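Containing mmCIF, C-alpha atoms: structure_2.cif.
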```cif
data_target
loop_
_atom_site.group_PDB
_atom_site.id
_atom_site.type_symbol
_atom_site.label_atom_id
_atom_site.label_comp_id
_atom_site.auth_asym_id
_atom_site.auth_seq_id
_atom_site.Cartn_x
_atom_site.Cartn_y
_atom_site.Cartn_z
ATOM 1 C CA MET A 1 114.203 75.772 -22.818
ATOM 2 C CA GLU A 2 111.870 76.437 -25.725
ATOM 3 C CA LEU A 3 108.312 75.276 -25.646
ATOM 4 C CA ASP A 4 108.826 72.945 -28.657
ATOM 5 C CA ASN A 5 111.749 71.204 -26.991
ATOM 6 C CA LEU A 6 109.836 70.951 -23.753
ATOM 7 C CA PHE A 7 107.033 68.948 -25.318
ATOM 8 C CA ASN A 8 109.186 66.966 -27.788
ATOM 9 C CA GLY A 9 109.933 64.320 -25.192
ATOM 10 C CA PHE A 10 106.422 64.323 -23.774
ATOM 11 C CA GLY A 11 105.514 60.940 -22.315
ATOM 12 C CA LEU A 12 105.351 58.957 -19.106
ATOM 13 C CA VAL A 13 109.012 59.606 -18.303
ATOM 14 C CA PHE A 14 108.517 63.337 -18.796
ATOM 15 C CA LEU A 15 105.438 63.301 -16.550
ATOM 16 C CA LEU A 16 107.183 61.269 -13.897
ATOM 17 C CA LYS A 17 110.173 63.602 -13.888
ATOM 18 C CA TRP A 18 107.931 66.553 -13.111
ATOM 19 C CA PHE A 19 105.419 64.747 -10.956
ATOM 20 C CA LEU A 20 107.843 63.150 -8.470
ATOM 21 C CA PRO A 21 109.328 66.392 -7.049
ATOM 22 C CA PHE A 22 105.803 67.714 -6.463
ATOM 23 C CA LEU A 23 104.877 64.421 -4.814
ATOM 24 C CA PHE A 24 107.855 64.738 -2.457
ATOM 25 C CA LEU A 25 106.953 68.376 -1.801
ATOM 26 C CA GLY A 26 103.371 67.377 -1.012
ATOM 27 C CA GLN A 27 104.591 64.668 1.334
ATOM 28 C CA THR A 28 106.854 67.165 3.102
ATOM 29 C CA ILE A 29 104.016 69.667 3.592
ATOM 30 C CA PHE A 30 101.694 66.894 4.764
ATOM 31 C CA LEU A 31 104.239 65.700 7.331
ATOM 32 C CA LEU A 32 104.821 69.256 8.566
ATOM 33 C CA ILE A 33 101.071 69.594 9.180
ATOM 34 C CA VAL A 34 100.935 66.170 10.845
ATOM 35 C CA GLY A 35 103.907 67.116 13.069
ATOM 36 C CA ARG A 36 102.081 70.241 14.195
ATOM 37 C CA GLN A 37 98.944 68.211 14.845
ATOM 38 C CA ILE A 38 100.903 65.654 16.874
ATOM 39 C CA SER A 39 102.277 68.359 19.161
ATOM 40 C CA LEU A 40 98.818 69.947 19.505
ATOM 41 C CA MET A 41 97.220 66.599 20.233
ATOM 42 C CA SER A 42 99.961 65.817 22.743
ATOM 43 C CA ASN A 43 98.876 68.861 24.741
ATOM 44 C CA LEU A 44 95.334 67.551 24.651
ATOM 45 C CA PHE A 45 96.060 63.918 25.343
ATOM 46 C CA LYS A 46 99.481 62.988 26.675
ATOM 47 C CA THR A 47 100.850 59.457 26.967
ATOM 48 C CA ASN A 48 104.245 57.769 27.101
ATOM 49 C CA MET A 49 104.066 57.198 23.344
ATOM 50 C CA ASP A 50 104.390 60.880 22.430
ATOM 51 C CA PHE A 51 108.155 60.794 22.018
ATOM 52 C CA LEU A 52 107.884 57.791 19.703
ATOM 53 C CA LEU A 53 105.247 59.480 17.550
ATOM 54 C CA LYS A 54 107.240 62.691 17.267
ATOM 55 C CA SER A 55 110.418 60.772 16.399
ATOM 56 C CA GLY A 56 108.575 58.751 13.754
ATOM 57 C CA ASN A 57 107.212 61.906 12.180
ATOM 58 C CA TRP A 58 110.635 63.587 12.136
ATOM 59 C CA LEU A 59 112.100 60.501 10.467
ATOM 60 C CA LEU A 60 109.434 60.478 7.762
ATOM 61 C CA LEU A 61 109.856 64.224 7.274
ATOM 62 C CA ALA A 62 113.605 63.762 6.810
ATOM 63 C CA LEU A 63 112.951 61.040 4.214
ATOM 64 C CA ALA A 64 110.504 63.273 2.323
ATOM 65 C CA ILE A 65 112.909 66.244 2.337
ATOM 66 C CA PHE A 66 115.721 63.971 1.172
ATOM 67 C CA GLY A 67 113.511 62.711 -1.681
ATOM 68 C CA PHE A 68 112.704 66.263 -2.728
ATOM 69 C CA LEU A 69 116.318 67.394 -2.552
ATOM 70 C CA SER A 70 117.562 64.326 -4.418
ATOM 71 C CA PHE A 71 116.002 65.696 -7.614
ATOM 72 C CA PHE A 72 118.262 68.701 -7.395
ATOM 73 C CA LEU A 73 121.275 66.861 -6.034
ATOM 74 C CA ILE A 74 121.454 64.239 -8.778
ATOM 75 C CA ARG A 75 119.905 66.555 -11.387
ATOM 76 C CA LEU A 76 117.094 64.287 -12.374
ATOM 77 C CA ILE A 77 115.115 67.173 -13.840
ATOM 78 C CA MET B 1 101.565 66.008 67.560
ATOM 79 C CA ALA B 2 100.639 67.647 70.827
ATOM 80 C CA LEU B 3 97.070 66.535 70.299
ATOM 81 C CA ILE B 4 98.197 62.918 69.998
ATOM 82 C CA TYR B 5 100.139 63.025 73.233
ATOM 83 C CA LYS B 6 97.257 64.625 75.021
ATOM 84 C CA ALA B 7 94.760 62.062 73.858
ATOM 85 C CA PRO B 8 95.253 59.620 76.761
ATOM 86 C CA GLU B 9 94.747 62.497 79.202
ATOM 87 C CA LYS B 10 91.090 62.609 78.276
ATOM 88 C CA ASP B 11 90.015 62.404 81.844
ATOM 89 C CA GLU B 12 92.303 65.253 82.818
ATOM 90 C CA THR B 13 90.938 67.568 80.173
ATOM 91 C CA SER B 14 87.445 66.715 81.124
ATOM 92 C CA LYS B 15 88.450 67.438 84.642
ATOM 93 C CA ASP B 16 89.974 70.745 83.472
ATOM 94 C CA SER B 17 86.846 71.666 81.654
ATOM 95 C CA LYS B 18 84.921 70.887 84.728
ATOM 96 C CA SER B 19 87.326 73.002 86.743
ATOM 97 C CA GLY B 20 86.847 75.973 84.425
ATOM 98 C CA HIS B 21 89.607 75.501 81.788
ATOM 99 C CA PRO B 22 87.758 75.062 78.508
ATOM 100 C CA GLN B 23 90.780 76.118 76.308
ATOM 101 C CA GLU B 24 92.233 72.602 76.140
ATOM 102 C CA THR B 25 89.028 71.076 74.854
ATOM 103 C CA SER B 26 88.504 73.775 72.240
ATOM 104 C CA SER B 27 92.012 73.124 70.843
ATOM 105 C CA LEU B 28 91.190 69.450 70.558
ATOM 106 C CA LYS B 29 88.072 70.141 68.506
ATOM 107 C CA LYS B 30 89.826 72.270 65.909
ATOM 108 C CA THR B 31 88.914 70.035 62.921
ATOM 109 C CA PRO B 32 85.293 70.330 61.827
ATOM 110 C CA PRO B 33 83.331 67.275 62.909
ATOM 111 C CA GLY B 34 82.087 66.221 59.470
ATOM 112 C CA SER B 35 85.345 66.615 57.497
ATOM 113 C CA SER B 36 86.924 63.223 58.261
ATOM 114 C CA LEU B 37 83.641 61.506 57.428
ATOM 115 C CA LYS B 38 83.446 63.409 54.149
ATOM 116 C CA LYS B 39 87.011 62.390 53.306
ATOM 117 C CA LYS B 40 86.168 58.788 54.029
ATOM 118 C CA LYS B 41 83.082 58.981 51.844
ATOM 119 C CA LYS B 42 85.095 60.562 49.032
ATOM 120 C CA LYS B 43 87.728 57.852 49.326
ATOM 121 C CA ASN B 44 85.068 55.200 49.286
ATOM 122 C CA LYS B 45 83.570 56.699 46.146
ATOM 123 C CA LYS B 46 86.952 56.580 44.429
ATOM 124 C CA GLU B 47 87.352 52.976 45.453
ATOM 125 C CA ILE B 48 83.896 52.215 44.074
ATOM 126 C CA TYR B 49 84.832 53.837 40.743
ATOM 127 C CA HIS B 50 88.016 51.784 40.575
ATOM 128 C CA ASP B 51 86.157 48.585 41.411
ATOM 129 C CA ILE B 52 83.638 49.290 38.656
ATOM 130 C CA ALA B 53 86.402 50.012 36.129
ATOM 131 C CA GLN B 54 88.226 46.799 37.049
ATOM 132 C CA GLU B 55 85.228 44.790 35.874
ATOM 133 C CA ILE B 56 85.934 45.571 32.195
ATOM 134 C CA ARG B 57 88.191 43.230 30.283
ATOM 135 C CA ALA B 58 91.305 45.119 29.172
ATOM 136 C CA GLY B 59 92.918 44.533 25.800
ATOM 137 C CA VAL B 60 94.222 46.343 22.733
ATOM 138 C CA GLY B 61 92.038 49.404 22.281
ATOM 139 C CA LEU B 62 90.745 49.255 25.831
ATOM 140 C CA SER B 63 93.098 49.946 28.715
ATOM 141 C CA VAL B 64 91.902 49.986 32.291
ATOM 142 C CA GLU B 65 93.583 52.419 34.675
ATOM 143 C CA PRO B 66 96.498 53.118 32.335
ATOM 144 C CA ARG B 67 99.642 54.782 33.650
ATOM 145 C CA GLY B 68 101.111 57.970 32.242
ATOM 146 C CA VAL B 69 97.893 59.167 30.599
ATOM 147 C CA ASN B 70 97.214 62.855 30.933
ATOM 148 C CA PHE B 71 94.772 65.157 29.201
ATOM 149 C CA ALA B 72 93.976 68.867 29.052
ATOM 150 C CA ASP B 73 91.947 70.315 31.937
ATOM 151 C CA LYS B 74 92.547 67.247 34.078
ATOM 152 C CA ALA B 75 91.872 68.041 37.728
ATOM 153 C CA GLN B 76 94.604 67.216 40.239
ATOM 154 C CA ASP B 77 92.550 64.580 42.004
ATOM 155 C CA GLU B 78 91.042 63.235 38.785
ATOM 156 C CA GLU B 79 92.070 59.725 37.781
ATOM 157 C CA VAL B 80 91.728 58.044 34.418
ATOM 158 C CA LEU B 81 89.747 54.829 34.733
ATOM 159 C CA VAL B 82 89.429 53.619 31.154
ATOM 160 C CA VAL B 83 90.960 54.678 27.827
ATOM 161 C CA LEU B 84 89.139 53.457 24.748
ATOM 162 C CA ARG B 85 90.121 53.394 21.122
ATOM 163 C CA ARG B 86 88.554 51.761 18.085
ATOM 164 C CA HIS B 87 88.912 47.987 17.987
ATOM 165 C CA PRO B 88 92.255 47.090 16.324
ATOM 166 C CA ILE B 89 90.466 45.106 13.590
ATOM 167 C CA THR B 90 89.003 48.398 12.309
ATOM 168 C CA ASN B 91 92.539 49.215 11.164
ATOM 169 C CA ALA B 92 92.356 46.387 8.623
ATOM 170 C CA PRO B 93 91.524 48.664 5.609
ATOM 171 C CA TRP B 94 94.622 50.860 5.898
ATOM 172 C CA VAL B 95 96.837 47.896 6.818
ATOM 173 C CA ALA B 96 95.572 46.022 3.731
ATOM 174 C CA LEU B 97 96.058 49.099 1.535
ATOM 175 C CA GLY B 98 99.596 49.534 2.843
ATOM 176 C CA LEU B 99 100.433 45.886 2.187
ATOM 177 C CA VAL B 100 98.973 46.005 -1.334
ATOM 178 C CA MET B 101 100.983 49.145 -2.103
ATOM 179 C CA PHE B 102 104.113 47.497 -0.727
ATOM 180 C CA PHE B 103 103.700 44.296 -2.759
ATOM 181 C CA ILE B 104 102.827 46.187 -5.949
ATOM 182 C CA MET B 105 106.433 47.354 -5.927
ATOM 183 C CA PHE B 106 107.669 43.738 -6.027
ATOM 184 C CA PHE B 107 105.307 42.995 -8.907
ATOM 185 C CA ALA B 108 106.689 46.064 -10.696
ATOM 186 C CA PHE B 109 110.226 44.701 -10.353
ATOM 187 C CA HIS B 110 109.229 41.162 -11.242
ATOM 188 C CA PHE B 111 107.314 42.069 -14.395
ATOM 189 C CA GLY B 112 109.681 44.878 -15.360
ATOM 190 C CA TRP B 113 107.071 47.647 -15.336
ATOM 191 C CA LEU B 114 109.743 50.240 -14.624
ATOM 192 C CA ASN B 115 112.281 49.082 -17.190
ATOM 193 C CA PHE B 116 111.558 52.035 -19.482
ATOM 194 C CA LEU B 117 112.925 54.418 -16.821
ATOM 195 C CA SER B 118 116.531 55.366 -16.283
ATOM 196 C CA SER B 119 118.061 53.770 -13.201
ATOM 197 C CA SER B 120 118.124 57.024 -11.213
ATOM 198 C CA LEU B 121 114.515 57.855 -12.060
ATOM 199 C CA GLU B 122 113.498 54.282 -11.264
ATOM 200 C CA ALA B 123 115.151 54.576 -7.842
ATOM 201 C CA ALA B 124 113.393 57.898 -7.228
ATOM 202 C CA ALA B 125 110.011 56.446 -8.261
ATOM 203 C CA VAL B 126 110.433 53.419 -5.975
ATOM 204 C CA TYR B 127 111.545 55.674 -3.139
ATOM 205 C CA ALA B 128 108.513 57.953 -3.603
ATOM 206 C CA TRP B 129 106.183 54.956 -3.750
ATOM 207 C CA LEU B 130 107.638 53.462 -0.558
ATOM 208 C CA LEU B 131 107.335 56.791 1.210
ATOM 209 C CA LEU B 132 103.726 57.108 0.051
ATOM 210 C CA THR B 133 103.055 53.620 1.436
ATOM 211 C CA LEU B 134 104.578 54.634 4.764
ATOM 212 C CA LEU B 135 102.465 57.799 4.841
ATOM 213 C CA VAL B 136 99.266 55.820 4.245
ATOM 214 C CA ALA B 137 100.165 53.562 7.184
ATOM 215 C CA TRP B 138 101.302 56.516 9.319
ATOM 216 C CA SER B 139 98.099 58.520 8.813
ATOM 217 C CA GLY B 140 96.014 55.407 9.577
ATOM 218 C CA LEU B 141 97.961 54.733 12.741
ATOM 219 C CA LEU B 142 97.752 58.347 13.959
ATOM 220 C CA SER B 143 94.060 58.514 13.206
ATOM 221 C CA TRP B 144 93.523 55.387 15.330
ATOM 222 C CA TYR B 145 95.831 56.541 18.103
ATOM 223 C CA PHE B 146 94.353 60.015 18.580
ATOM 224 C CA ASN B 147 90.688 59.033 18.241
ATOM 225 C CA VAL B 148 90.345 58.333 21.893
ATOM 226 C CA SER B 149 87.622 58.180 24.508
ATOM 227 C CA ILE B 150 88.438 58.573 28.180
ATOM 228 C CA ILE B 151 86.388 57.644 31.211
ATOM 229 C CA SER B 152 87.721 59.293 34.353
ATOM 230 C CA ASP B 153 86.306 59.288 37.880
ATOM 231 C CA LYS B 154 84.660 62.643 37.145
ATOM 232 C CA ARG B 155 83.602 62.630 33.485
ATOM 233 C CA VAL B 156 83.651 61.064 30.057
ATOM 234 C CA ILE B 157 85.700 62.695 27.315
ATOM 235 C CA ASP B 158 85.544 61.991 23.603
ATOM 236 C CA ILE B 159 88.391 63.223 21.387
ATOM 237 C CA ASP B 160 87.672 62.884 17.663
ATOM 238 C CA PHE B 161 90.494 63.329 15.195
ATOM 239 C CA HIS B 162 89.298 63.378 11.574
ATOM 240 C CA ASP B 163 91.580 63.146 8.530
ATOM 241 C CA LEU B 164 94.567 64.368 10.564
ATOM 242 C CA ILE B 165 93.294 67.936 10.225
ATOM 243 C CA TYR B 166 90.036 68.284 12.170
ATOM 244 C CA ARG B 167 89.493 67.530 15.805
ATOM 245 C CA GLU B 168 86.557 67.752 18.155
ATOM 246 C CA VAL B 169 86.590 67.364 21.920
ATOM 247 C CA SER B 170 83.457 66.852 23.986
ATOM 248 C CA ASP B 171 83.018 65.892 27.602
ATOM 249 C CA ALA B 172 80.274 65.390 30.164
ATOM 250 C CA ASN B 173 80.300 64.846 33.909
ATOM 251 C CA LEU B 174 79.364 61.375 35.083
ATOM 252 C CA ASP B 175 76.310 62.690 36.923
ATOM 253 C CA LYS B 176 75.144 64.434 33.721
ATOM 254 C CA ILE B 177 74.822 61.133 31.878
ATOM 255 C CA GLU B 178 71.156 60.491 31.225
ATOM 256 C CA ASP B 179 71.046 57.442 29.043
ATOM 257 C CA VAL B 180 73.581 54.962 27.721
ATOM 258 C CA THR B 181 72.859 52.782 24.708
ATOM 259 C CA HIS B 182 75.069 50.499 22.695
ATOM 260 C CA ASN B 183 74.764 48.656 19.438
ATOM 261 C CA MET B 184 76.680 45.902 17.733
ATOM 262 C CA GLY B 185 76.267 45.049 14.112
ATOM 263 C CA GLY B 186 77.899 43.534 11.078
ATOM 264 C CA LEU B 187 79.828 40.335 10.720
ATOM 265 C CA LEU B 188 83.115 41.750 12.016
ATOM 266 C CA GLY B 189 81.401 43.448 14.953
ATOM 267 C CA ILE B 190 79.844 40.202 16.103
ATOM 268 C CA VAL B 191 82.958 38.097 15.533
ATOM 269 C CA PHE B 192 85.372 40.513 17.198
ATOM 270 C CA ASN B 193 82.911 41.943 19.746
ATOM 271 C CA PHE B 194 83.050 45.644 18.970
ATOM 272 C CA GLY B 195 80.375 48.287 18.475
ATOM 273 C CA ASP B 196 79.190 51.787 19.268
ATOM 274 C CA VAL B 197 78.263 53.278 22.625
ATOM 275 C CA TYR B 198 76.021 56.364 22.671
ATOM 276 C CA ILE B 199 75.862 58.510 25.794
ATOM 277 C CA GLN B 200 72.953 60.925 26.106
ATOM 278 C CA THR B 201 73.900 63.829 28.317
ATOM 279 C CA ALA B 202 72.268 66.874 29.806
ATOM 280 C CA GLY B 203 75.173 69.014 28.606
ATOM 281 C CA ALA B 204 75.577 71.334 25.630
ATOM 282 C CA LYS B 205 76.398 68.442 23.339
ATOM 283 C CA PRO B 206 73.467 66.077 23.792
ATOM 284 C CA GLN B 207 75.251 62.952 22.662
ATOM 285 C CA ILE B 208 78.773 61.597 23.080
ATOM 286 C CA GLU B 209 79.724 58.674 20.893
ATOM 287 C CA PHE B 210 82.330 55.991 21.434
ATOM 288 C CA LEU B 211 82.485 54.417 17.997
ATOM 289 C CA ARG B 212 83.602 50.857 17.211
ATOM 290 C CA VAL B 213 85.029 50.279 20.688
ATOM 291 C CA PRO B 214 85.764 46.784 22.056
ATOM 292 C CA HIS B 215 83.229 45.163 24.422
ATOM 293 C CA PRO B 216 80.489 47.817 23.958
ATOM 294 C CA ALA B 217 78.033 46.058 26.274
ATOM 295 C CA GLU B 218 80.559 46.038 29.117
ATOM 296 C CA VAL B 219 81.504 49.659 28.482
ATOM 297 C CA ALA B 220 77.843 50.722 28.521
ATOM 298 C CA SER B 221 77.228 48.737 31.699
ATOM 299 C CA THR B 222 80.281 50.314 33.345
ATOM 300 C CA LEU B 223 79.071 53.794 32.399
ATOM 301 C CA ARG B 224 75.660 53.069 33.925
ATOM 302 C CA LYS B 225 77.260 51.875 37.141
ATOM 303 C CA LEU B 226 79.555 54.910 37.261
ATOM 304 C CA ARG B 227 76.578 57.212 36.736
ATOM 305 C CA GLU B 228 74.742 55.507 39.601
ATOM 306 C CA ALA B 229 77.794 55.819 41.832
ATOM 307 C CA ALA B 230 78.211 59.493 40.880
ATOM 308 C CA THR B 231 74.589 60.395 41.556
ATOM 309 C CA ASP B 232 74.460 58.552 44.904
#
```
Now, as a test, write the supplied structure out as structure tokens.
Amino acid sequence: MELDNLFNGFGLVFLLKWFLPFLFLGQTIFLLIVGRQISLMSNLFKTNMDFLLKSGNWLLLALAIFGFLSFFLIRLI
Amino acid sequence: MALIYKAPEKDETSKDSKSGHPQETSSLKKTPPGSSLKKKKKKNKKEIYHDIAQEIRAGVGLSVEPRGVNFADKAQDEEVLVVLRRHPITNAPWVALGLVMFFIMFFAFHFGWLNFLSSSLEAAAVYAWLLLTLLVAWSGLLSWYFNVSIISDKRVIDIDFHDLIYREVSDANLDKIEDVTHNMGGLLGIVFNFGDVYIQTAGAKPQIEFLRVPHPAEVASTLRKLREAATD
């Protein structure tokens, strides 16, 4: 894609198209860090809720990865 | 068991000892004389700790003698008396932010703010926004859940968990507590009865803080009583 063509359609839609995958990527990285922190904190302070927290984080991580992949699956970019 | 059966024959053993058989009596006195008394004292101390802990009103953010709570470096005979978290009302900012973010989406649909987008991009934008809303709520919840203060029958432990990335753990033995102060302030603090408890210690970290915990006066009073019981 040439540089002229790239910026021809510059606008909110263009920004959103490029911003959303990075947002999903950021969310995925954030949730990976949070997942690691949850397991570290579980070693430090263990309760019956640990399984629930870990499951919740895995669910959110799956949603974030799905959001990121959806851009490539339905060729939004 | 043999000792139990021989107990009624006290006279006989005394007779034996008199008749030059001291072996029986020495086997009876195998346990050191002060050990059972010590055990009793220790048990009494534990009971005192539990009685003191029972005086606090339990609720959300303050659980008395919770089950299934374990923490690093917990001694085998150590028992958790109280687990404290911030008062639930302190979660209001992230709950409000989450709700606002959630309802903004309905406004966007109602007023057609996303009409300029293609349907697939609109779906992706809504999905990303919803996920962001969930993450705001999730990080708020985790921050509340892992910021925890524990009072056990041996020590006080404060686990601080900042911004989901930093954490700080400090603890002090009950007998190392020097001074306990508490403060309550602000409209919400007075209405919902929460505040800060500061524990001055003789340890490496001079002060342990329980911030925005429910019933701060009761918590401070309990800590004072526990310190007195520990130093007795």
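Candidate residues B:Thr181, B:Leu141, B:Asp77, B:Ile52 were compared for distance to Asp163 of chain B, and the nearest is B:Leu141, using all atoms listed in the file.
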Q) Which residue out of A:Phe51, A:Trp58, A:Phe66, A:Phe72 has the minimum interatomic distance to Leu31 of chain A when all atoms listed in the file are used? A)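 Of all the options, A:Trp58 lies closest to Leu31 of chain A.
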(Q) As a check of understanding, name the residues that the PyMOL selection byres ((chain A) within 9 of (chain B)) selects in the supplied structure, as a ChimeraX atom specification. (A) /A:13,16-17,20,23-24,27,31,33-34,37-38,41-48,53,56-57,60,63-64,67,70-71,74,76
**Q.** Residues within 10 Å of Arg57 of chain B, only C-alpha atoms, excluding chain neighbours under 4 positions, as a PyMOL selection string
**A.** chain B and resi 53+62-64+214-215+218-219
Q) Skipping near chain neighbours, those fewer than 4 positions away, what residues fall within 6 Å of Val197 of chain B using only C-alpha atoms, listed as a VMD selection string? A) chain B and resid 181 to 182 209 to 210
Go ahead and write the selection's residues with C-alpha atoms as a CSV table (one decimal), in the coordinates of the input.
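Once everything was written out, this is result.csv:
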```
chain,number,residue,atom,x,y,z
B,181,THR,CA,72.9,52.8,24.7
B,182,HIS,CA,75.1,50.5,22.7
B,209,GLU,CA,79.7,58.7,20.9
B,210,PHE,CA,82.3,56.0,21.4
```
Q.
Could you tell me how far atom CA of Ala229 of chain B sits from atom CA of Lys45 of chain B, in Å to one decimal place?
A. 7.3 Å
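Across B:Asn91, B:Ser119, B:Ser152, B:Asn193, the tightest approach to Gly140 of chain B is made by B:Asn91 when counting only C-alpha atoms.
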Q: Please evaluate the PyMOL selection byres ((chain B and resi 98-109) around 9) against the structure above and give the resulting residues as a ChimeraX atom specification.
A: /B:93-97,110-115,126,129-130,132-137
Prev. selection, C-alpha atoms, output as an mmCIF file, keeping the file's coordinate frame:
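Written output follows (out-v1.cif):
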```cif
data_model
loop_
_atom_site.group_PDB
_atom_site.id
_atom_site.type_symbol
_atom_site.label_atom_id
_atom_site.label_comp_id
_atom_site.auth_asym_id
_atom_site.auth_seq_id
_atom_site.Cartn_x
_atom_site.Cartn_y
_atom_site.Cartn_z
ATOM 1 C CA PRO B 93 91.524 48.664 5.609
ATOM 2 C CA TRP B 94 94.622 50.860 5.898
ATOM 3 C CA VAL B 95 96.837 47.896 6.818
ATOM 4 C CA ALA B 96 95.572 46.022 3.731
ATOM 5 C CA LEU B 97 96.058 49.099 1.535
ATOM 6 C CA HIS B 110 109.229 41.162 -11.242
ATOM 7 C CA PHE B 111 107.314 42.069 -14.395
ATOM 8 C CA GLY B 112 109.681 44.878 -15.360
ATOM 9 C CA TRP B 113 107.071 47.647 -15.336
ATOM 10 C CA LEU B 114 109.743 50.240 -14.624
ATOM 11 C CA ASN B 115 112.281 49.082 -17.190
ATOM 12 C CA VAL B 126 110.433 53.419 -5.975
ATOM 13 C CA TRP B 129 106.183 54.956 -3.750
ATOM 14 C CA LEU B 130 107.638 53.462 -0.558
ATOM 15 C CA LEU B 132 103.726 57.108 0.051
ATOM 16 C CA THR B 133 103.055 53.620 1.436
ATOM 17 C CA LEU B 134 104.578 54.634 4.764
ATOM 18 C CA LEU B 135 102.465 57.799 4.841
ATOM 19 C CA VAL B 136 99.266 55.820 4.245
ATOM 20 C CA ALA B 137 100.165 53.562 7.184
#
```
(Q) If I take atom CA of Gln207 of chain B and atom CA of Ile177 of chain B, how far is one from the other in Å, to one decimal? (A)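 Result for atom CA of Gln207 of chain B versus atom CA of Ile177 of chain B: 9.4 Å, one decimal.
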**Q.** atom CA of Ile29 of chain A to atom CA of Leu73 of chain A, distance in Å rounded to a single decimal
**A.** 20.0 Å
Q. Which protein, DNA or RNA residues are at most 7 Å from (85.7, 56.2, 34.7) in the file's coordinates when you count all atoms listed in the file, listed as a ChimeraX atom specification?
A. /B:49,53,80-82,151-155,226
